[in-house]
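Visitor: Input structure_1.cif, format and content: mmCIF, C-alpha atoms.
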data_input
#
loop_
_atom_site.label_atom_id
_atom_site.label_comp_id
_atom_site.auth_asym_id
_atom_site.auth_seq_id
_atom_site.Cartn_x
_atom_site.Cartn_y
_atom_site.Cartn_z
CA MET A 1 -12.06 9.81 -14.25
CA ALA A 2 -13.55 6.54 -15.54
CA GLY A 3 -14.88 4.43 -12.70
CA GLY A 4 -15.31 7.56 -10.62
CA GLY A 5 -17.31 7.47 -7.46
CA ALA A 6 -20.26 9.78 -8.06
CA GLY A 7 -23.27 8.00 -6.60
CA ARG A 8 -21.26 5.06 -5.25
CA ARG A 9 -21.01 4.22 -1.56
CA TRP A 10 -17.82 4.85 0.38
CA GLN A 11 -15.85 1.67 0.97
CA PRO A 12 -12.70 0.97 2.97
CA ALA A 13 -9.47 0.29 1.13
CA TYR A 14 -5.90 -0.35 2.22
CA VAL A 15 -2.86 0.76 0.23
CA ALA A 16 0.73 -0.31 0.94
CA LEU A 17 3.41 2.33 0.43
CA GLY A 18 7.12 1.68 0.01
CA SER A 19 10.23 3.63 -0.97
CA ASN A 20 13.99 3.15 -0.79
CA LEU A 21 15.28 6.13 -2.80
CA ALA A 22 15.44 9.92 -2.50
CA ASP A 23 14.50 10.33 1.19
CA PRO A 24 11.99 7.48 1.56
CA VAL A 25 10.16 9.01 4.54
CA ALA A 26 9.53 12.21 2.58
CA GLN A 27 8.43 10.14 -0.43
CA LEU A 28 5.82 8.30 1.65
CA GLN A 29 4.59 11.55 3.20
CA ALA A 30 4.23 13.16 -0.25
CA ALA A 31 2.42 10.11 -1.61
CA LEU A 32 -0.01 10.20 1.32
CA ARG A 33 -0.83 13.85 0.59
CA ALA A 34 -1.34 13.01 -3.09
CA MET A 35 -3.58 10.03 -2.24
CA ASN A 36 -5.71 12.27 -0.04
CA ALA A 37 -6.14 14.60 -3.04
CA LEU A 38 -7.50 11.85 -5.32
CA ALA A 39 -11.13 12.34 -6.33
CA ASP A 40 -13.64 10.49 -4.16
CA THR A 41 -10.87 9.21 -1.87
CA ARG A 42 -9.82 10.16 1.65
CA VAL A 43 -6.90 8.90 3.72
CA VAL A 44 -8.44 8.17 7.13
CA THR A 45 -5.60 6.40 8.93
CA VAL A 46 -1.90 5.74 8.42
CA SER A 47 0.24 3.11 10.09
CA PRO A 48 3.60 3.83 11.64
CA PHE A 49 6.48 3.72 9.18
CA TYR A 50 8.77 0.68 9.16
CA ARG A 51 12.23 0.03 7.76
CA SER A 52 12.55 -3.36 6.10
CA PRO A 53 15.15 -5.23 4.07
CA PRO A 54 14.52 -5.22 0.32
CA MET A 55 12.79 -8.11 -1.42
CA GLY A 56 14.76 -9.59 -4.26
CA PRO A 57 18.19 -8.11 -4.94
CA GLN A 58 19.92 -7.21 -1.68
CA ASP A 59 22.34 -4.70 -3.24
CA GLN A 60 19.91 -1.83 -2.70
CA PRO A 61 18.93 0.34 0.28
CA ALA A 62 16.42 -0.79 2.89
CA TYR A 63 12.81 0.20 2.30
CA VAL A 64 10.53 2.39 4.34
CA ASN A 65 6.99 0.95 4.33
CA ALA A 66 3.57 1.90 5.65
CA VAL A 67 -0.10 1.14 5.02
CA ALA A 68 -2.80 3.77 4.55
CA GLY A 69 -6.44 3.16 5.33
CA LEU A 70 -8.70 4.93 2.85
CA LEU A 71 -12.35 5.53 2.24
CA THR A 72 -13.06 5.63 -1.47
CA ARG A 73 -15.97 5.63 -3.87
CA LEU A 74 -13.70 4.69 -6.77
CA MET A 75 -13.87 1.32 -8.44
CA ALA A 76 -10.65 -0.69 -8.22
CA PRO A 77 -9.34 0.15 -11.73
CA ALA A 78 -9.88 3.88 -11.15
CA LEU A 79 -8.11 3.75 -7.77
CA LEU A 80 -5.21 1.85 -9.37
CA SER A 81 -5.03 4.46 -12.13
CA GLY A 82 -4.85 7.23 -9.54
CA LEU A 83 -2.09 5.46 -7.62
CA LYS A 84 -0.08 4.86 -10.80
CA ALA A 85 -0.42 8.57 -11.65
CA ILE A 86 1.00 9.43 -8.22
CA GLU A 87 3.92 7.05 -8.80
CA ARG A 88 4.67 8.69 -12.15
CA ALA A 89 4.38 12.19 -10.68
CA ARG A 90 6.85 11.22 -7.92
CA GLY A 91 9.34 10.07 -10.57
CA ARG A 92 8.88 6.31 -10.74
CA PRO A 93 9.49 5.05 -14.27
CA ALA A 94 6.77 2.80 -15.67
CA ASP A 95 9.41 0.20 -16.57
CA ALA A 96 11.01 -0.02 -13.09
CA PRO A 97 12.47 -3.51 -12.57
CA ARG A 98 10.50 -5.89 -10.37
CA TRP A 99 11.83 -5.80 -6.80
CA GLY A 100 14.38 -3.15 -7.75
CA PRO A 101 14.95 0.16 -6.01
CA ARG A 102 12.18 2.69 -6.39
CA ILE A 103 11.21 6.18 -5.40
CA ILE A 104 7.66 5.10 -4.56
CA ASP A 105 5.58 1.95 -4.78
CA LEU A 106 1.83 2.07 -4.13
CA ASP A 107 -0.10 -1.20 -4.06
CA ILE A 108 -3.78 -1.78 -3.38
CA ILE A 109 -3.89 -4.40 -0.64
CA ALA A 110 -7.67 -4.66 -0.36
CA ILE A 111 -10.89 -2.84 -1.14
CA GLY A 112 -13.57 -3.93 1.27
CA ARG A 113 -14.27 -7.62 0.79
CA GLN A 114 -13.69 -7.59 -2.95
CA GLN A 115 -11.87 -10.40 -4.69
CA LEU A 116 -10.95 -9.37 -8.20
CA THR A 117 -8.57 -10.37 -10.95
CA GLN A 118 -8.36 -8.12 -14.00
CA SER A 119 -5.63 -7.09 -16.37
CA GLY A 120 -2.81 -5.80 -14.17
CA LEU A 121 -4.85 -5.90 -10.96
CA THR A 122 -5.45 -8.60 -8.36
CA ILE A 123 -7.34 -7.79 -5.16
CA PRO A 124 -6.49 -8.62 -2.50
CA HIS A 125 -2.84 -8.17 -3.38
CA PRO A 126 -1.41 -11.68 -3.88
CA GLY A 127 1.61 -11.11 -1.60
CA ALA A 128 -0.15 -9.26 1.20
CA ALA A 129 -0.89 -12.31 3.35
CA VAL A 130 2.78 -13.34 3.64
CA ARG A 131 4.78 -10.10 3.72
CA ALA A 132 5.76 -8.76 7.14
CA PHE A 133 6.29 -5.25 5.74
CA VAL A 134 2.61 -5.21 4.71
CA LEU A 135 1.04 -7.20 7.55
CA GLN A 136 2.66 -5.38 10.47
CA PRO A 137 1.60 -1.88 9.37
CA LEU A 138 -1.83 -3.22 8.37
CA ALA A 139 -2.18 -4.86 11.79
CA ASP A 140 -1.34 -1.54 13.42
CA ILE A 141 -4.39 0.10 11.85
CA ALA A 142 -6.78 -2.82 11.20
CA PRO A 143 -5.84 -5.96 13.18
CA ALA A 144 -9.31 -7.50 12.86
CA PHE A 145 -9.61 -6.84 9.12
CA GLU A 146 -10.37 -10.00 7.19
CA LEU A 147 -8.12 -10.14 4.14
CA PRO A 148 -10.48 -11.77 1.62
CA GLY A 149 -9.55 -15.38 0.98
CA ALA A 150 -6.66 -15.32 3.48
CA GLY A 151 -7.91 -14.61 7.01
CA ARG A 152 -7.70 -12.04 9.78
CA VAL A 153 -4.69 -9.75 9.64
CA GLU A 154 -3.64 -10.44 13.24
CA ALA A 155 -3.68 -14.22 12.59
CA LEU A 156 -1.70 -13.83 9.36
CA LEU A 157 0.84 -11.62 11.14
CA ALA A 158 1.45 -14.35 13.73
CA LYS A 159 2.68 -16.63 10.91
CA VAL A 160 5.34 -14.35 9.40
CA ASP A 161 8.94 -13.64 10.38
CA LEU A 162 9.24 -10.08 11.65
CA ALA A 163 13.05 -10.15 11.82
CA GLY A 164 14.52 -7.16 10.06
CA LEU A 165 11.39 -5.04 10.42
CA GLN A 166 12.11 -1.88 12.42
CA ARG A 167 9.43 0.61 13.47
CA LEU A 168 10.49 4.20 12.83
CA GLU A 169 9.61 7.09 15.10
CA THR A 170 8.47 9.22 12.18
CA ALA A 171 5.09 10.90 11.91
CA ALA A 172 3.09 10.28 8.76
#
Rewrite the coordinates I just gave you, this time as structure tokens.
Guide:
Amino acid sequence: MAGGGAGRRWQPAYVALGSNLADPVAQLQAALRAMNALADTRVVTVSPFYRSPPMGPQDQPAYVNAVAGLLTRLMAPALLSGLKAIERARGRPADAPRWGPRIIDLDIIAIGRQQLTQSGLTIPHPGAAVRAFVLQPLADIAPAFELPGAGRVEALLAKVDLAGLQRLETAA
């Protein structure tokens, strides 16, 4: 895999997971197993799962969301490529409408302290600092994490509306 991790140091990364189709809890669990199987990447912690209202069009089912904490030696483009391959393998079409229903959505929230903008990839994720369905699960596993350019997760969480976010009693 281009951008593989041989010889690179392990670095922390956070990936947001979301699904609102085809048994969303099972979709997140399957995606977590697939992420753990990526080369030079290990899932080390997973937040509780949350149900949240959809962004954008409201005529779709609620989402189930979580955040996974990883250790990876992959460079950002290689990690993104691996996540996109998981999405395709789970049945997500490449041309899925923005904010529409989806079987699985995997977004890199952060990789260490990197700030990066490349074709199709911005790190940290541009919406992470204002989305309750990202911040609450991220705060559950890394409250003191400093989202590059935005601030500490626990401080960012204090600024968002958590209405509609419901913690599920489901094991990752």
Visitor: Do you have the CA of Arg113 in chain A-CA of Leu32 in chain A distance handy?
Guide: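 Here the two named atoms are 22.8 Å from each other.
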Visitor: So which residues get picked by the PyMOL selection byres ((chain A and resi 27) around 12) here, written as a PyMOL selection string?
Guide: chain A and resi 17-26+28-34+49+63-66+86-87+89-92+102-106+172
Visitor: Which distance in Å separates CA of Ala142 in chain A and CA of Leu116 in chain A, to one decimal?
Guide: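 About the pair CA of Ala142 in chain A and CA of Leu116 in chain A: they are 20.9 Å apart.
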Visitor: Taking the file as shown, what set of residues would the PyMOL selection byres ((chain A and resi 140) around 9) give back, as an MDAnalysis selection string?
Guide: chainID A and resid 46:48 67 135:139 141:143
Visitor: Given the choices A:Asp95, A:Asp161, A:Ala144, A:Pro101, which gets closest to Pro54 in chain A if the distance is worked out from all atoms listed in the file?
Guide: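 Between A:Asp95, A:Asp161, A:Ala144, A:Pro101, the residue approaching Pro54 in chain A most closely is A:Pro101.
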Visitor: Please compute the CA of Val44 in chain A-CA of Tyr14 in chain A distance, one decimal, in Å.
Guide: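 These atoms are spaced 10.2 Å apart.
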Visitor: May I have the residues at most 10 Å from (13.2, -5.1, 5.9) in the file's coordinates, counting all atoms listed in the file, as a ChimeraX atom specification?
Guide: /A:50-55,61-65,132-133,162-166
Visitor: In the coordinate frame of the file, compute which residues have an atom within 8 Å of (-8.5, -11.7, -3.2) when using all atoms listed in the file, and state them as a PyMOL selection string.
Guide: chain A and resi 110+114-117+122-126+147-150
Visitor: From the set A:Gln60, A:Asn36, A:Ser81, A:Thr72, which residue has the shortest atom-to-atom contact distance to Trp99 in chain A, counting only C-alpha atoms?
Guide: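 Among the listed residues, the smallest separation from Trp99 in chain A belongs to A:Gln60.
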Visitor: Residues at most 8 Å from Leu80 in chain A, counting all atoms listed in the file, excluding those fewer than 5 positions away in the same chain, as a list in words?
Guide: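 Here the answer would be Asp107, Ile108 and Leu121 of chain A.
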